[in-house]
Amino acid sequence: VRVVSRSAALLIFSAAVAVAGCDAGATRSTTAATAPACNRPPTAPLPGSREGMVRIPGGAVRLGSALEPEEAPRPAAVGAFWIDRTEVTNDQFAAFVRATGYRTVAERDRAGAAVFAATKLLPTAGDATPWWRLDPAATWRTPDGEGSTIAGRGAEPVVAVAFEDALAYARWLGRDLPTEAEWERAARGGLEGAEFTWGDDPRPGGRPAANHWQGVFPLVNTGEDGFQGRAPVGCFAPNGFGLYDMAGNVWEWTKDAWPDDPGSRVIKGGSWLCADNYCRRYRPASRQAGDASLGTAHVGFRTVVRE
Ligand SMILES: [Ca+2]
């Protein structure tokens with residue numbers, strides 16, 4: 001999802017407050033009975049360590065699908081590599097910041113980040129994504145903007161990080177960010193050609209298998225999967241390689257530039273905002289352009305080490 005200019009964003013913000021009167025933020029569903037049990041989050045990483053990572057065998061990969069024009073099938077090959085079992089968490093990113101004093105792009109000169117605001121505004125010809133606004137107060141510590149916090153949310157994926165922030169974290173650990181081919185190879189979990197990371201049934205067992213949006217986006221968020229926003233990492237069943245949240249929760253940065261747009265990088269996996277009526281991008285073949293210089297409330301990352 002591309003974000004509009006800052007002045008336009010402020011106008012949208014004003015309108016959004018007038019209409020909705022609140023920021024949806026990322027709150028856990030009140031229907032706690034439906035929330036799945038979550039696995040223990042990963043521990044703070046150590047530079048040079050492969051703790052919390054899974055080895056992915058190398059080989060030929062068939063990327064993409066026939067479902068959307070931008071994800072047309074294409075062959076690729078990857079070498080063996082290791083990848084984080086989960087998205088990088090707030091607690092893990094905090095350990096990096098404590099050790100290095102790193103300041104993210106959003107924190108420099110109050111650049112801010114893009115936050116999601118559930119409103120009743122529908123797309124118009126002039127603005128395809130009226131539910132996003134740029135908040136100068138939004139950072140990885142306040143990922144949903146002014147007044148939000150990550151207190152008590154250490155196990156949720158870090159967001160509001162620009163591409164270079166994600167790369168800085170990876171480099172600190174002696175790692176890298178995945179290429180799109182590596183990411184998709186890992187996400188498929190050995191199920192080559194399947195629509196989803198778990199197979200072809202969109203609702204195995206009659207339930208959502210990932211943290212995506214149930215209901216009519218952006219008006220109704222039923223939280224059937226147990227979450228209204230970001231979930232702690234590892235709350236849904238892992239894929240065939242033992243990797244969590246390769247579908248949904250938050251989009252993830254890859255190293256690959258978006259075709260013909262060197263200012264953007266390919267993001268993968270979809271997020272809690274992906275609804276069947278709107279984007280349905282919680283599939284391994286899905287890809288989207290992410291403005292590399294901008295953090296948003298629905299894009300995080302995980303790291304790799306190549307053999
Ligand atoms: Ca994800």
# chains A, B, ... in the order shown; residues from 1 in each chain; ligands from 1

call {"tool": "select_by_dssp", "arguments": {"residues": "stretch 101-240 of chain A", "states": "alpha helix (DSSP H)", "output": "ChimeraX atom specification"}}
result
/A:163-172,180-188

call {"tool": "write_last_selection", "arguments": {"atoms": "C-alpha atoms", "output": "JSON list (two decimals), in the first residue's frame"}}
result
[["chain", "number", "residue", "atom", "x", "y", "z"],
["A", 163, "PHE", "CA", 14.18, -0.94, 4.82],
["A", 164, "GLU", "CA", 17.52, 0.45, 6.04],
["A", 165, "ASP", "CA", 16.47, -0.10, 9.67],
["A", 166, "ALA", "CA", 15.75, -3.74, 8.97],
["A", 167, "LEU", "CA", 19.05, -4.12, 7.15],
["A", 168, "ALA", "CA", 20.94, -2.45, 10.04],
["A", 169, "TYR", "CA", 19.47, -4.97, 12.48],
["A", 170, "ALA", "CA", 20.44, -7.86, 10.21],
["A", 171, "ARG", "CA", 23.98, -6.56, 9.71],
["A", 172, "TRP", "CA", 24.43, -6.18, 13.49],
["A", 180, "GLU", "CA", 12.36, -12.46, -2.69],
["A", 181, "ALA", "CA", 13.27, -15.91, -4.00],
["A", 182, "GLU", "CA", 14.68, -16.99, -0.64],
["A", 183, "TRP", "CA", 11.66, -15.61, 1.19],
["A", 184, "GLU", "CA", 9.16, -17.34, -1.09],
["A", 185, "ARG", "CA", 11.14, -20.58, -1.02],
["A", 186, "ALA", "CA", 10.98, -20.49, 2.77],
["A", 187, "ALA", "CA", 7.32, -19.48, 2.86],
["A", 188, "ARG", "CA", 6.17, -22.38, 0.70]]

call {"tool": "select_by_dssp", "arguments": {"residues": "stretch 93-233 of chain A", "states": "strand (DSSP E or B)", "output": "list in words"}}
result
Ala113, Ala114, Val115, Phe116, Thr124, Asp127, Trp132, Arg133, Leu134, Asp135, Thr139, Thr142, Pro157, Asp176, Phe196, Gly199, Asn211, Trp213 and Phe227 of chain A

call {"tool": "write_last_selection", "arguments": {"atoms": "C-alpha atoms", "output": "JSON list (two decimals), in the first residue's frame"}}
result
[["chain", "number", "residue", "atom", "x", "y", "z"],
["A", 113, "ALA", "CA", 5.71, 6.44, 9.94],
["A", 114, "ALA", "CA", 2.47, 5.44, 8.28],
["A", 115, "VAL", "CA", -0.29, 4.26, 10.58],
["A", 116, "PHE", "CA", -3.58, 2.58, 9.82],
["A", 124, "THR", "CA", -11.86, 7.60, -4.31],
["A", 127, "ASP", "CA", -6.95, 8.48, -3.01],
["A", 132, "TRP", "CA", -3.40, 5.34, 5.93],
["A", 133, "ARG", "CA", -1.93, 8.52, 7.37],
["A", 134, "LEU", "CA", 1.60, 9.67, 8.07],
["A", 135, "ASP", "CA", 2.03, 10.31, 11.80],
["A", 139, "THR", "CA", 8.07, 5.07, 15.50],
["A", 142, "THR", "CA", 4.82, 4.02, 19.13],
["A", 157, "PRO", "CA", 6.60, -8.06, 15.35],
["A", 176, "ASP", "CA", 21.22, -10.21, 5.81],
["A", 196, "PHE", "CA", -1.27, -20.84, 0.70],
["A", 199, "GLY", "CA", -2.01, -25.87, 1.26],
["A", 211, "ASN", "CA", -3.53, -13.46, 11.07],
["A", 213, "TRP", "CA", -8.56, -9.65, 8.09],
["A", 227, "PHE", "CA", -6.79, -10.65, 16.69]]

call {"tool": "atom_distance", "arguments": {"atom1": "atom CA of A:Val97", "atom2": "atom CA of A:Pro47"}}
result
13.1 Å

call {"tool": "residues_around", "arguments": {"residues": "A:Ala237", "least_positions_apart": "2", "cutoff": "10 Å", "atoms": "only C-alpha atoms", "output": "PyMOL selection string"}}
result
chain A and resi 36-39+198+209-210+234-235+239-240+242-245

call {"tool": "closest_atom_pairs", "arguments": {"of": "chain A", "to": "ligand 1", "cutoff": "7 Å", "atoms": "only C-alpha atoms and all ligand atoms", "output": "CSV"}}
result
residue,atom,partner,partner_atom_place_in_ligand_line,distance
A:Glu87,CA,ligand 1,1 (Ca),6.4
A:Asp245,CA,ligand 1,1 (Ca),4.5
A:Met246,CA,ligand 1,1 (Ca),4.5
A:Ala247,CA,ligand 1,1 (Ca),5.2
A:Gly248,CA,ligand 1,1 (Ca),4.7
A:Asn249,CA,ligand 1,1 (Ca),4.9
A:Val250,CA,ligand 1,1 (Ca),4.3
A:Trp251,CA,ligand 1,1 (Ca),5.0
A:Glu252,CA,ligand 1,1 (Ca),5.8
A:Gly269,CA,ligand 1,1 (Ca),5.2
A:Gly270,CA,ligand 1,1 (Ca),6.4
A:Ser271,CA,ligand 1,1 (Ca),6.3

call {"tool": "write_last_selection", "arguments": {"atoms": "N, CA and C atoms", "output": "PDB file, in the first residue's frame"}}
result
ATOM      1  N   GLU A  87       8.946 -13.608  12.702  1.00  0.00           N
ATOM      2  CA  GLU A  87       9.241 -12.207  12.444  1.00  0.00           C
ATOM      3  C   GLU A  87      10.064 -11.667  13.617  1.00  0.00           C
ATOM      4  N   ASP A 245       4.075 -17.427  10.688  1.00  0.00           N
ATOM      5  CA  ASP A 245       3.608 -16.139  10.148  1.00  0.00           C
ATOM      6  C   ASP A 245       4.242 -15.774   8.810  1.00  0.00           C
ATOM      7  N   MET A 246       4.555 -16.780   7.978  1.00  0.00           N
ATOM      8  CA  MET A 246       4.962 -16.473   6.606  1.00  0.00           C
ATOM      9  C   MET A 246       3.733 -16.043   5.798  1.00  0.00           C
ATOM     10  N   ALA A 247       2.562 -16.240   6.387  1.00  0.00           N
ATOM     11  CA  ALA A 247       1.319 -15.685   5.846  1.00  0.00           C
ATOM     12  C   ALA A 247       0.764 -14.739   6.899  1.00  0.00           C
ATOM     13  N   GLY A 248       0.504 -13.494   6.506  1.00  0.00           N
ATOM     14  CA  GLY A 248      -0.170 -12.572   7.399  1.00  0.00           C
ATOM     15  C   GLY A 248       0.661 -12.051   8.556  1.00  0.00           C
ATOM     16  N   ASN A 249      -0.023 -11.489   9.507  1.00  0.00           N
ATOM     17  CA  ASN A 249       0.512 -10.743  10.645  1.00  0.00           C
ATOM     18  C   ASN A 249       1.149  -9.455  10.138  1.00  0.00           C
ATOM     19  N   VAL A 250       2.414  -9.457   9.707  1.00  0.00           N
ATOM     20  CA  VAL A 250       2.951  -8.259   9.044  1.00  0.00           C
ATOM     21  C   VAL A 250       3.671  -8.662   7.762  1.00  0.00           C
ATOM     22  N   TRP A 251       3.603  -7.755   6.768  1.00  0.00           N
ATOM     23  CA  TRP A 251       4.428  -7.899   5.568  1.00  0.00           C
ATOM     24  C   TRP A 251       5.887  -7.912   5.990  1.00  0.00           C
ATOM     25  N   GLU A 252       6.767  -8.432   5.133  1.00  0.00           N
ATOM     26  CA  GLU A 252       8.183  -8.526   5.478  1.00  0.00           C
ATOM     27  C   GLU A 252       9.052  -7.986   4.345  1.00  0.00           C
ATOM     28  N   GLY A 269       4.190 -11.596   1.947  1.00  0.00           N
ATOM     29  CA  GLY A 269       3.478 -12.324   2.999  1.00  0.00           C
ATOM     30  C   GLY A 269       2.140 -11.764   3.431  1.00  0.00           C
ATOM     31  N   GLY A 270       1.854 -10.497   3.083  1.00  0.00           N
ATOM     32  CA  GLY A 270       0.573  -9.941   3.516  1.00  0.00           C
ATOM     33  C   GLY A 270       0.581  -9.604   4.997  1.00  0.00           C
ATOM     34  N   SER A 271      -0.542  -9.054   5.449  1.00  0.00           N
ATOM     35  CA  SER A 271      -0.598  -8.623   6.850  1.00  0.00           C
ATOM     36  C   SER A 271      -1.980  -8.855   7.422  1.00  0.00           C
TER      37      SER A 271
END

call {"tool": "residues_around", "arguments": {"residues": "A:Ala160", "least_positions_apart": "6", "cutoff": "8 Å", "atoms": "only C-alpha atoms", "output": "ChimeraX atom specification"}}
result
/A:106,113-114,138-140,143,294-300

call {"tool": "closest_residue", "arguments": {"among": "A:Ala111, A:Val159, A:Ala289, A:Ala44", "to": "A:Phe301", "atoms": "only C-alpha atoms"}}
result
A:Val159

call {"tool": "decode", "arguments": {"residues": "stretch 101-125 of chain A", "atoms": "N, CA and C atoms", "output": "PDB file, in the first residue's frame"}}
result
ATOM      1  N   GLY A 101      22.579   1.830  20.127  1.00  0.00           N
ATOM      2  CA  GLY A 101      22.097   3.216  20.106  1.00  0.00           C
ATOM      3  C   GLY A 101      21.474   3.605  18.771  1.00  0.00           C
ATOM      4  N   TYR A 102      21.137   2.632  17.968  1.00  0.00           N
ATOM      5  CA  TYR A 102      20.599   2.894  16.624  1.00  0.00           C
ATOM      6  C   TYR A 102      19.308   3.722  16.692  1.00  0.00           C
ATOM      7  N   ARG A 103      19.193   4.686  15.794  1.00  0.00           N
ATOM      8  CA  ARG A 103      17.959   5.468  15.641  1.00  0.00           C
ATOM      9  C   ARG A 103      17.348   5.172  14.281  1.00  0.00           C
ATOM     10  N   THR A 104      16.093   4.826  14.292  1.00  0.00           N
ATOM     11  CA  THR A 104      15.430   4.452  13.037  1.00  0.00           C
ATOM     12  C   THR A 104      15.117   5.684  12.200  1.00  0.00           C
ATOM     13  N   VAL A 105      14.807   5.441  10.939  1.00  0.00           N
ATOM     14  CA  VAL A 105      14.441   6.529  10.020  1.00  0.00           C
ATOM     15  C   VAL A 105      13.282   7.340  10.596  1.00  0.00           C
ATOM     16  N   ALA A 106      12.282   6.683  11.147  1.00  0.00           N
ATOM     17  CA  ALA A 106      11.097   7.384  11.673  1.00  0.00           C
ATOM     18  C   ALA A 106      11.453   8.304  12.827  1.00  0.00           C
ATOM     19  N   GLU A 107      12.516   7.948  13.567  1.00  0.00           N
ATOM     20  CA  GLU A 107      12.889   8.741  14.745  1.00  0.00           C
ATOM     21  C   GLU A 107      13.748   9.949  14.389  1.00  0.00           C
ATOM     22  N   ARG A 108      14.318   9.983  13.193  1.00  0.00           N
ATOM     23  CA  ARG A 108      15.191  11.082  12.810  1.00  0.00           C
ATOM     24  C   ARG A 108      14.356  12.264  12.311  1.00  0.00           C
ATOM     25  N   ASP A 109      14.512  13.410  12.913  1.00  0.00           N
ATOM     26  CA  ASP A 109      13.794  14.630  12.492  1.00  0.00           C
ATOM     27  C   ASP A 109      12.280  14.430  12.474  1.00  0.00           C
ATOM     28  N   ARG A 110      11.795  13.611  13.387  1.00  0.00           N
ATOM     29  CA  ARG A 110      10.341  13.354  13.442  1.00  0.00           C
ATOM     30  C   ARG A 110       9.779  13.012  12.065  1.00  0.00           C
ATOM     31  N   ALA A 111      10.508  12.175  11.358  1.00  0.00           N
ATOM     32  CA  ALA A 111      10.029  11.758  10.036  1.00  0.00           C
ATOM     33  C   ALA A 111       8.726  10.985  10.152  1.00  0.00           C
ATOM     34  N   GLY A 112       8.608  10.194  11.232  1.00  0.00           N
ATOM     35  CA  GLY A 112       7.368   9.472  11.466  1.00  0.00           C
ATOM     36  C   GLY A 112       7.187   8.256  10.572  1.00  0.00           C
ATOM     37  N   ALA A 113       6.028   7.666  10.679  1.00  0.00           N
ATOM     38  CA  ALA A 113       5.713   6.442   9.936  1.00  0.00           C
ATOM     39  C   ALA A 113       4.235   6.440   9.602  1.00  0.00           C
ATOM     40  N   ALA A 114       3.865   5.526   8.719  1.00  0.00           N
ATOM     41  CA  ALA A 114       2.473   5.437   8.281  1.00  0.00           C
ATOM     42  C   ALA A 114       1.686   4.544   9.230  1.00  0.00           C
ATOM     43  N   VAL A 115       0.548   5.031   9.675  1.00  0.00           N
ATOM     44  CA  VAL A 115      -0.294   4.256  10.582  1.00  0.00           C
ATOM     45  C   VAL A 115      -1.656   4.031   9.934  1.00  0.00           C
ATOM     46  N   PHE A 116      -2.280   2.955  10.349  1.00  0.00           N
ATOM     47  CA  PHE A 116      -3.581   2.580   9.816  1.00  0.00           C
ATOM     48  C   PHE A 116      -4.666   3.156  10.717  1.00  0.00           C
ATOM     49  N   ALA A 117      -5.649   3.793  10.122  1.00  0.00           N
ATOM     50  CA  ALA A 117      -6.764   4.325  10.884  1.00  0.00           C
ATOM     51  C   ALA A 117      -8.056   3.830  10.259  1.00  0.00           C
ATOM     52  N   ALA A 118      -8.745   2.958  10.972  1.00  0.00           N
ATOM     53  CA  ALA A 118      -9.998   2.423  10.442  1.00  0.00           C
ATOM     54  C   ALA A 118     -11.021   3.538  10.382  1.00  0.00           C
ATOM     55  N   THR A 119     -11.505   3.773   9.227  1.00  0.00           N
ATOM     56  CA  THR A 119     -12.503   4.819   9.051  1.00  0.00           C
ATOM     57  C   THR A 119     -13.596   4.274   8.153  1.00  0.00           C
ATOM     58  N   LYS A 120     -14.617   5.073   7.954  1.00  0.00           N
ATOM     59  CA  LYS A 120     -15.660   4.666   7.027  1.00  0.00           C
ATOM     60  C   LYS A 120     -15.431   5.283   5.659  1.00  0.00           C
ATOM     61  N   LEU A 121     -14.248   5.859   5.469  1.00  0.00           N
ATOM     62  CA  LEU A 121     -13.937   6.445   4.175  1.00  0.00           C
ATOM     63  C   LEU A 121     -13.647   5.337   3.176  1.00  0.00           C
ATOM     64  N   LEU A 122     -14.201   5.465   2.015  1.00  0.00           N
ATOM     65  CA  LEU A 122     -13.953   4.499   0.953  1.00  0.00           C
ATOM     66  C   LEU A 122     -12.997   5.096  -0.067  1.00  0.00           C
ATOM     67  N   PRO A 123     -12.295   4.270  -0.817  1.00  0.00           N
ATOM     68  CA  PRO A 123     -11.367   4.792  -1.822  1.00  0.00           C
ATOM     69  C   PRO A 123     -12.078   5.712  -2.811  1.00  0.00           C
ATOM     70  N   THR A 124     -11.349   6.707  -3.267  1.00  0.00           N
ATOM     71  CA  THR A 124     -11.859   7.596  -4.305  1.00  0.00           C
ATOM     72  C   THR A 124     -10.846   7.621  -5.434  1.00  0.00           C
ATOM     73  N   ALA A 125     -11.196   8.295  -6.501  1.00  0.00           N
ATOM     74  CA  ALA A 125     -10.284   8.361  -7.640  1.00  0.00           C
ATOM     75  C   ALA A 125      -8.979   9.024  -7.241  1.00  0.00           C
TER      76      ALA A 125
END
